[in-house]
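Here's final.txt, which has compact mmCIF, C-alpha atoms:
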# COMPACT_ATOMS: atom_id res chain seq x y z
CA MET T 27 108.45 19.19 113.03
CA THR T 28 107.43 20.14 109.50
CA LYS T 29 104.19 21.73 110.66
CA LYS T 30 105.99 23.92 113.21
CA LYS T 31 108.40 25.21 110.58
CA SER T 32 105.49 25.94 108.28
CA LYS T 33 103.75 28.01 110.94
CA LYS T 34 106.92 29.96 111.68
CA GLY T 35 107.45 30.69 107.97
CA SER T 36 103.88 31.81 107.55
CA SER T 37 104.14 34.10 110.57
CA ALA T 38 107.37 35.67 109.27
CA LYS T 39 105.80 36.21 105.88
CA THR T 40 102.79 37.90 107.46
CA LYS T 41 105.07 40.21 109.45
CA ARG T 42 106.97 41.15 106.30
CA ILE T 43 103.72 41.96 104.53
CA ILE T 44 102.57 44.04 107.47
CA LEU T 45 105.90 45.88 107.53
CA ILE T 46 105.75 46.51 103.79
CA VAL T 47 102.16 47.77 104.02
CA CYS T 48 103.06 50.01 106.98
CA GLY T 49 106.06 51.31 105.09
CA LEU T 50 103.93 52.07 102.06
CA LEU T 51 101.35 53.77 104.24
CA ILE T 52 104.08 55.87 105.85
CA ILE T 53 105.43 56.79 102.43
CA LEU T 54 101.94 57.64 101.17
CA ALA T 55 101.27 59.66 104.29
CA GLY T 56 104.54 61.47 103.78
CA VAL T 57 103.67 62.18 100.16
CA ALA T 58 100.22 63.35 101.19
CA CYS T 59 101.69 65.62 103.86
CA TYR T 60 104.18 66.99 101.37
CA ILE T 61 101.44 67.66 98.83
CA PHE T 62 99.25 69.25 101.48
CA TYR T 63 102.11 71.40 102.78
CA THR T 64 103.34 72.61 99.39
CA ASN T 65 99.84 73.30 98.04
CA PHE T 66 98.19 74.73 101.14
CA LEU T 67 100.59 75.70 103.94
CA GLN T 68 103.85 76.73 102.29
CA SER T 69 104.26 80.44 101.57
CA ASN T 70 103.33 81.06 97.95
CA THR T 71 103.89 84.79 97.64
CA ASN T 72 106.89 86.41 96.04
CA PRO T 73 109.58 86.92 98.73
CA ASN T 74 110.25 90.36 97.23
CA ILE T 75 106.90 91.45 98.64
CA LYS T 76 107.97 92.98 101.95
CA LYS T 77 104.79 94.82 102.88
CA ASP T 78 101.03 94.53 102.55
CA VAL T 79 99.66 94.79 99.02
CA TYR T 80 96.12 95.19 97.76
CA ILE T 81 94.47 92.81 95.32
CA PHE T 82 91.62 94.03 93.12
CA ILE T 83 89.16 91.49 91.73
CA LYS T 84 86.65 92.76 89.21
CA THR T 85 82.99 91.81 89.10
CA GLY T 86 82.41 88.75 86.94
CA SER T 87 85.97 87.49 87.28
CA THR T 88 86.65 83.77 86.76
CA LEU T 89 89.28 81.70 88.50
CA GLU T 90 91.42 82.08 85.38
CA ASP T 91 91.04 85.88 85.59
CA VAL T 92 92.14 85.89 89.23
CA GLU T 93 95.13 83.69 88.48
CA LYS T 94 96.09 85.86 85.50
CA MET T 95 95.94 88.99 87.67
CA LEU T 96 98.07 87.40 90.39
CA LYS T 97 100.57 86.23 87.79
CA GLU T 98 100.78 89.60 86.02
CA ARG T 99 101.41 91.35 89.31
CA ASP T 100 104.11 88.80 90.12
CA ILE T 101 102.46 87.94 93.42
CA LEU T 102 102.45 84.13 93.32
CA LEU T 103 105.48 81.88 93.27
CA SER T 104 103.43 79.01 91.87
CA VAL T 105 100.17 79.44 90.00
CA SER T 106 99.78 75.65 89.72
CA THR T 107 99.71 75.11 93.50
CA PHE T 108 97.26 77.99 93.86
CA ASP T 109 95.07 76.40 91.20
CA PHE T 110 95.25 73.02 92.98
CA ALA T 111 94.30 74.55 96.33
CA ALA T 112 91.53 76.62 94.72
CA GLY T 113 90.00 73.44 93.31
CA TRP T 114 90.04 71.65 96.65
CA MET T 115 88.66 74.69 98.47
CA ASN T 116 85.90 75.23 95.87
CA TYR T 117 87.00 78.83 95.24
CA LYS T 118 85.84 78.69 91.62
CA LYS T 119 82.21 78.90 92.74
CA ASN T 120 82.86 81.49 95.45
CA ILE T 121 84.67 84.32 93.69
CA HIS T 122 83.77 87.73 95.10
CA ALA T 123 84.78 91.03 93.54
CA GLY T 124 86.51 93.53 95.78
CA ARG T 125 89.68 95.01 97.21
CA TYR T 126 91.58 92.63 99.47
CA LEU T 127 94.63 93.06 101.66
CA LEU T 128 97.39 90.51 101.04
CA ARG T 129 100.10 90.18 103.64
CA PRO T 130 103.66 89.01 102.93
CA HIS T 131 104.44 85.28 103.12
CA ALA T 132 100.79 84.29 102.67
CA ASN T 133 100.05 80.67 101.80
CA ASN T 134 97.39 79.42 99.40
CA LYS T 135 95.08 78.31 102.19
CA ASN T 136 94.94 81.74 103.84
CA LEU T 137 94.82 83.63 100.55
CA ILE T 138 91.95 81.60 99.14
CA LYS T 139 90.11 81.72 102.46
CA LEU T 140 90.41 85.52 102.38
CA LEU T 141 89.20 85.81 98.79
CA LYS T 142 86.31 83.40 99.41
CA SER T 143 85.16 85.43 102.42
CA GLY T 144 84.34 88.49 100.32
CA VAL T 145 85.53 90.70 103.19
CA GLN T 146 86.79 93.81 101.41
CA VAL T 147 89.00 96.55 102.79
CA PRO T 148 87.22 99.91 102.43
CA TYR T 149 89.16 103.13 102.04
CA LYS T 150 88.85 106.89 101.74
CA LEU T 151 88.84 108.33 98.27
CA SER T 152 91.73 110.54 97.23
CA PHE T 153 90.84 113.80 95.50
CA THR T 154 94.37 115.07 94.99
CA GLY T 155 95.41 115.89 91.45
CA ILE T 156 91.86 116.39 90.18
CA HIS T 157 91.74 119.50 88.01
CA THR T 158 89.15 118.56 85.37
CA LYS T 159 86.09 116.36 85.01
CA TYR T 160 88.26 113.90 83.09
CA ASP T 161 90.71 113.75 85.99
CA LEU T 162 87.76 113.05 88.29
CA ALA T 163 86.41 110.20 86.18
CA GLY T 164 89.87 108.70 85.77
CA LYS T 165 90.75 109.00 89.44
CA LEU T 166 87.51 107.39 90.61
CA SER T 167 87.85 104.54 88.11
CA GLN T 168 91.32 103.87 89.53
CA GLN T 169 89.99 103.64 93.07
CA LEU T 170 86.57 102.10 92.51
CA GLU T 171 84.97 99.71 90.06
CA VAL T 172 83.11 102.54 88.38
CA ASP T 173 83.08 103.13 84.67
CA SER T 174 84.68 106.49 83.87
CA LEU T 175 82.56 106.98 80.74
CA SER T 176 79.29 106.36 82.54
CA LEU T 177 80.31 108.83 85.25
CA LEU T 178 81.15 111.45 82.62
CA ARG T 179 77.82 110.89 80.91
CA ILE T 180 76.00 111.64 84.16
CA VAL T 181 77.87 114.80 85.11
CA GLN T 182 77.77 116.15 81.55
CA SER T 183 74.07 115.49 81.08
CA ASP T 184 71.74 118.46 80.72
CA SER T 185 69.51 117.14 83.49
CA PHE T 186 72.40 117.06 85.98
CA LYS T 187 73.65 120.51 85.07
CA THR T 188 70.17 122.00 85.16
CA LYS T 189 69.30 120.40 88.50
CA TYR T 190 72.36 121.87 90.24
CA ASN T 191 72.64 125.09 88.20
CA LEU T 192 76.01 124.13 86.71
CA ASP T 193 77.74 124.48 83.37
CA ASN T 194 80.67 122.73 81.67
CA ASP T 195 83.21 125.02 83.34
CA ASN T 196 82.08 124.66 86.95
CA LEU T 197 80.95 121.02 87.10
CA LEU T 198 83.61 120.18 89.68
CA THR T 199 82.09 122.57 92.22
CA PHE T 200 79.44 119.93 92.85
CA PHE T 201 81.98 117.46 94.20
CA ILE T 202 83.04 117.92 97.79
CA PRO T 203 85.61 115.56 99.37
CA ASP T 204 84.37 113.59 102.33
CA THR T 205 85.76 111.14 104.85
CA SER T 206 83.39 108.28 104.03
CA LEU T 207 84.75 104.80 103.42
CA TYR T 208 84.04 103.20 100.07
CA PHE T 209 84.28 99.67 98.76
CA TYR T 210 85.96 98.87 95.47
CA THR T 211 82.65 97.46 94.18
CA THR T 212 80.76 100.72 94.76
CA THR T 213 78.69 101.36 91.63
CA THR T 214 78.44 104.56 89.61
CA ASN T 215 74.92 105.25 90.89
CA GLU T 216 75.97 104.61 94.48
CA ILE T 217 78.94 106.98 94.25
CA MET T 218 76.80 109.69 92.64
CA ASN T 219 74.17 109.28 95.36
CA SER T 220 76.92 109.62 97.95
CA PHE T 221 78.25 112.79 96.33
CA THR T 222 74.73 114.20 96.19
CA ARG T 223 74.22 113.58 99.93
CA ASN T 224 77.62 115.02 100.70
CA HIS T 225 76.90 118.15 98.67
CA ALA T 226 73.60 118.65 100.49
CA GLU T 227 75.19 118.07 103.90
CA PHE T 228 77.96 120.58 103.30
CA TRP T 229 75.68 123.24 101.86
CA ASN T 230 73.44 123.34 104.90
CA ASP T 231 71.58 126.47 105.93
CA ASP T 232 74.52 127.70 108.01
CA ASN T 233 77.07 127.52 105.18
CA ILE T 234 74.63 128.96 102.65
CA HIS T 235 74.08 131.89 105.02
CA LYS T 236 77.85 132.40 105.39
CA ALA T 237 78.30 132.49 101.61
CA LYS T 238 75.48 135.00 101.18
CA THR T 239 76.95 137.17 103.93
CA ILE T 240 80.27 137.26 102.09
CA GLY T 241 78.51 138.02 98.83
CA LEU T 242 79.38 134.79 97.02
CA SER T 243 77.33 131.99 95.52
CA LYS T 244 78.03 128.35 96.37
CA THR T 245 79.82 127.97 93.05
CA GLN T 246 81.96 131.05 93.66
CA VAL T 247 82.94 129.78 97.10
CA SER T 248 84.18 126.54 95.52
CA ILE T 249 86.08 128.38 92.79
CA LEU T 250 87.86 130.63 95.28
CA ALA T 251 88.51 127.67 97.57
CA SER T 252 90.22 125.86 94.68
CA ILE T 253 92.64 128.79 94.32
CA VAL T 254 93.32 128.80 98.06
CA GLU T 255 93.88 125.03 97.85
CA LYS T 256 96.60 125.46 95.24
CA GLU T 257 98.25 128.39 97.02
CA THR T 258 99.18 126.48 100.17
CA TYR T 259 99.16 123.08 101.80
CA ARG T 260 99.21 124.74 105.22
CA ASP T 261 95.63 124.50 106.49
CA ALA T 262 96.32 127.03 109.25
CA GLU T 263 97.16 129.72 106.69
CA LYS T 264 94.23 129.11 104.33
CA PRO T 265 91.78 131.52 106.07
CA MET T 266 94.42 134.28 105.76
CA ILE T 267 94.84 133.66 102.03
CA ALA T 268 91.08 133.49 101.55
CA GLY T 269 90.76 136.86 103.29
CA LEU T 270 93.45 138.36 101.05
CA TYR T 271 91.71 137.29 97.85
CA LEU T 272 88.35 138.48 99.15
CA ASN T 273 89.94 141.87 99.85
CA ARG T 274 91.17 142.06 96.26
CA LEU T 275 87.93 140.70 94.81
CA LEU T 276 85.26 142.54 96.80
CA LYS T 277 86.88 145.52 98.55
CA LYS T 278 89.42 146.85 96.07
CA ARG T 279 88.06 145.41 92.82
CA MET T 280 91.59 144.29 91.98
CA LYS T 281 92.60 141.42 89.77
CA LEU T 282 93.28 138.28 91.79
CA GLU T 283 96.66 137.72 90.11
CA ALA T 284 96.86 134.16 91.44
CA ASP T 285 99.73 132.11 90.03
CA PRO T 286 97.87 128.77 90.28
CA THR T 287 95.22 130.02 87.84
CA VAL T 288 97.96 130.77 85.29
CA ILE T 289 99.41 127.29 85.77
CA PHE T 290 95.93 125.85 85.21
CA ALA T 291 95.58 127.91 82.03
CA LEU T 292 98.94 126.58 80.83
CA GLY T 293 97.92 123.02 81.72
CA ASP T 294 101.26 122.21 83.34
CA TRP T 295 101.01 121.34 87.04
CA SER T 296 104.66 120.35 87.13
CA LYS T 297 105.54 124.03 86.80
CA GLN T 298 107.18 125.35 89.97
CA ARG T 299 107.50 129.04 89.06
CA VAL T 300 105.48 131.47 86.95
CA TYR T 301 107.44 133.81 84.70
CA ASN T 302 106.38 137.05 83.03
CA VAL T 303 105.98 135.31 79.68
CA ASP T 304 103.50 132.90 81.31
CA LEU T 305 101.29 135.80 82.37
CA GLU T 306 100.50 136.50 78.72
CA VAL T 307 98.54 133.28 78.21
CA ASN T 308 95.15 134.21 76.80
CA SER T 309 92.71 132.29 78.96
CA PRO T 310 89.73 133.27 81.13
CA TYR T 311 91.58 131.41 83.89
CA ASN T 312 94.48 133.88 83.74
CA THR T 313 93.62 136.11 86.68
CA TYR T 314 96.52 138.41 85.82
CA LYS T 315 94.75 139.28 82.57
CA TYR T 316 91.08 139.09 83.55
CA GLU T 317 89.26 140.49 86.58
CA GLY T 318 87.13 138.49 88.95
CA LEU T 319 87.00 134.78 89.56
CA PRO T 320 87.77 132.34 86.74
CA PRO T 321 84.78 130.56 85.17
CA GLY T 322 85.39 127.37 87.10
CA PRO T 323 87.50 125.76 89.82
CA ILE T 324 91.11 124.84 89.09
CA CYS T 325 90.82 121.71 91.26
CA ILE T 326 88.47 120.05 93.70
CA PRO T 327 89.28 121.90 96.95
CA ALA T 328 89.62 120.14 100.27
CA LEU T 329 87.11 120.77 103.02
CA SER T 330 89.73 122.88 104.79
CA SER T 331 89.88 125.23 101.80
CA LEU T 332 86.10 125.50 101.49
CA ASN T 333 85.80 126.23 105.19
CA ALA T 334 88.66 128.74 104.93
CA VAL T 335 86.64 130.81 102.47
CA LEU T 336 83.44 130.60 104.50
CA ASN T 337 85.33 131.44 107.70
CA TYR T 338 88.03 133.71 106.30
CA ILE T 339 90.17 135.95 108.51
CA HIS T 340 89.33 139.64 108.27
CA HIS T 341 92.46 141.75 107.65
CA ASP T 342 93.79 144.45 105.30
CA TYR T 343 96.43 142.47 103.42
CA LEU T 344 96.41 142.61 99.61
CA TYR T 345 99.67 140.89 98.68
CA MET T 346 101.53 137.75 99.63
CA CYS T 347 104.81 136.08 98.76
CA ALA T 348 106.24 132.73 99.78
CA LYS T 349 108.53 132.98 102.78
CA GLU T 350 112.20 132.78 102.05
CA ASP T 351 112.64 129.97 104.58
CA PHE T 352 110.66 127.65 102.27
CA SER T 353 108.42 126.65 105.16
CA GLY T 354 105.34 126.69 102.95
CA TYR T 355 104.04 129.81 104.68
CA HIS T 356 103.75 133.32 103.22
CA ASN T 357 104.74 136.89 104.03
CA PHE T 358 101.70 139.16 103.77
CA ALA T 359 101.77 142.83 102.86
CA LYS T 360 99.31 145.74 102.79
CA THR T 361 101.26 147.85 100.29
CA LEU T 362 102.96 147.11 97.00
CA ALA T 363 106.25 148.52 98.32
CA GLU T 364 106.21 146.12 101.24
CA HIS T 365 105.34 143.28 98.90
CA HIS T 366 108.33 144.11 96.68
CA GLN T 367 110.63 143.85 99.69
CA ASN T 368 109.20 140.42 100.51
CA SER T 369 109.63 139.35 96.88
CA LYS T 370 113.26 140.49 96.83
CA ARG T 371 114.11 138.38 99.86
CA TYR T 372 112.43 135.33 98.32
CA SER T 373 114.12 135.84 94.93
CA ALA T 374 117.51 136.25 96.59
CA GLU T 375 117.04 132.95 98.41
CA LEU T 376 116.01 131.23 95.16
CA LYS T 377 119.17 132.52 93.53
CA ARG T 378 121.31 131.44 96.49
CA ARG T 379 119.88 127.93 96.30
CA ASN T 380 120.30 127.92 92.51
CA ILE T 381 116.59 127.30 91.99
CA HIS T 382 115.32 128.40 88.58

Please, can you express the file's structure as structure tokens?
Amino acid sequence: MTKKKSKKGSSAKTKRIILIVCGLLIILAGVACYIFYTNFLQSNTNPNIKKDVYIFIKTGSTLEDVEKMLKERDILLSVSTFDFAAGWMNYKKNIHAGRYLLRPHANNKNLIKLLKSGVQVPYKLSFTGIHTKYDLAGKLSQQLEVDSLSLLRIVQSDSFKTKYNLDNDNLLTFFIPDTSLYFYTTTTNEIMNSFTRNHAEFWNDDNIHKAKTIGLSKTQVSILASIVEKETYRDAEKPMIAGLYLNRLLKKRMKLEADPTVIFALGDWSKQRVYNVDLEVNSPYNTYKYEGLPPGPICIPALSSLNAVLNYIHHDYLYMCAKEDFSGYHNFAKTLAEHHQNSKRYSAELKRRNIH
């Protein structure tokens, strides 16, 4: 009888041990699942991020640099879980510079997998708001990992200016917007090579012939196109405006009297209207004061503006005034008297809308 009881007690004890071990394993598994979920699968992006955002990682960045950037931009909810996941996924040794697209509610696993892949999102460069060489260098350095100072050194060098027959005033005429896609990691030399190819492609034999037929050099075409660019955002109307300025410039030998050139001379692109006092600014860019084209472009013109000059509409108009319906289009006139009537209607509408 004693032996039987001993066997039963031993069996019960073994079962208890097994149950305890199983319980511990379940607890450990639960802890492991919790750790895995919170560090890898749980969303770790700020819930205030409602749409896609772009992450920029610079060449030579360390894991600490990436984490600092994500923290400063208030992207991560928990830097510590990101750091934990990055260690397990060996991201520290696989950091790739570039521009990456981060979607809302991303978890550490997907984010680190994306950054480890090195698959960048290319994009078209924006040339809006570029009025000077300094604007150009600054704008490109915002969009690409190019050094603005090194870019300025290239375009201001004597060798560059001599090669393309440029001077300090008309440097921007070399740069022609294109539709190419660029990566954030594009180097200064690569971007300059791209601009060089683009310049050569635009100024093909056909366009050079068109410019010569008009009586303008390549530089002059770009300068006039920059004025057209600032006169209207309506591409359909640009050839009309180009024709008007060519009439004043080549047929009538009149001053261009283009308001955007005065605004450029004043250096204030926030200015909505040009007043008589503004026309007194003493600058070679003031086409109310000086005849002919200004010494350089007042912006980098879009392709539509360059093509508008090369393919301008032939007409007899010499004056234009913004339409009083504020559609962005203009009323054109052949005589000064007609132009004054157009101006009166526009001024009356400005007054009615209390626009000063």

Q. Near Tyr80 of chain T, counting all atoms listed in the file, which residues have an atom at most 6 Å away, once you skip same-chain residues fewer than 4 positions from it, shown as number ranges by chain?
A. T: 126-128

**Q.** Neighbour residues at most 10 Å from (95.0, 80.1, 104.5) (all atoms listed in the file) as a list in words
**A.** Phe66, Leu67, Gln68, Ser69, Ala111, Ala132, Asn133, Asn134, Lys135, Asn136, Leu137, Ile138, Lys139, Leu140 and Leu141 of chain T

Q. Excluding same-chain residues fewer than 3 positions from Ser87 of chain T, what lies within 12 Å of it counting all atoms listed in the file, as a VMD selection string?
A. chain T and resid 82 to 84 90 to 95 117 to 124

Q) What is the atom CA of Ser330 of chain T-atom CA of Glu283 of chain T distance in Å, reported with one decimal? A) 22.0 Å

Q: For a cut-off of 12 Å around (117.4, 132.2, 93.1), file coordinates, pick out all residues using only C-alpha atoms and list them as JSON, numbers by chain.
A: {"T": [299, 350, 369, 370, 371, 372, 373, 374, 375, 376, 377, 378, 379, 380, 381, 382]}

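Considering the residues T:Val247, T:Met266, T:Cys347, T:Leu336 and counting all atoms listed in the file, Asp285 of chain T has its shortest atom-to-atom contact with T:Cys347.
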
Q) In terms of the shortest atom-to-atom distance over all atoms listed in the file, which of T:Lys278, T:Lys165, T:Arg223, T:His157 is closest to Pro327 of chain T? A)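 Result for the nearest residue to Pro327 of chain T: T:His157.
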
**Q.** Which residue of T:Thr211, T:Ser243, T:Ser143, T:Asn191 approaches Gln168 of chain T most closely, using all atoms listed in the file
**A.**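 Checking each of T:Thr211, T:Ser243, T:Ser143, T:Asn191 against Gln168 of chain T, counting all atoms listed in the file, the winner is T:Thr211.
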
(Q) Ranking T:Val181, T:Leu329, T:Met115, T:Leu89 by minimum distance to Thr205 of chain T and counting only C-alpha atoms, which one comes first? (A)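 Closest to Thr205 of chain T, using only C-alpha atoms: T:Leu329.
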
Q.
I'd like the neighbourhood of Tyr149 of chain T as a PyMOL selection string, where a residue qualifies if any of its atoms comes within 9 Å (using only C-alpha atoms), though same-chain residues fewer than 6 positions away should be ignored.
A. chain T and resi 206-210

Q | Atom-to-atom span, atom CA of Glu216 of chain T and atom CA of Asp161 of chain T, Å | A |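 These atoms are spaced 19.3 Å apart.
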
Q: One decimal, Å: what's the distance from atom CA of Pro130 of chain T over to atom CA of Lys77 of chain T, could you say?
A: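 For atom CA of Pro130 of chain T relative to atom CA of Lys77 of chain T, the distance reads 5.9 Å.
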
Q: Just the residues within 8 Å of Leu344 of chain T, please, counting only C-alpha atoms, with nothing from its chain fewer than 6 positions along; format it as a list in words.
A: Leu270, Tyr271, Asn273, Arg274, Phe358, Ala359, Lys360 and Thr361 of chain T

Would you compute the box with edges along x, y and z of the file around segment 123-129 of chain T, including every atom the file lists for it and 4 Å extra on each side, and give its centre and edge lengths in Å to one decimal, as lines of an AutoDock Vina configuration file?
center_x = 92.4
center_y = 92.6
center_z = 98.6
size_x = 23.3
size_y = 12.8
size_z = 18.1

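Restricting the calculation to all atoms listed in the file, the smallest distance between Ile234 of chain T and any of T:Pro265, T:Pro148, T:Asn302, T:Asn333 is found for T:Asn333.
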
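Using all atoms listed in the file, the nearest neighbour of Thr313 of chain T within the list T:Phe290, T:Phe62, T:Trp114, T:Phe352 is T:Phe290.
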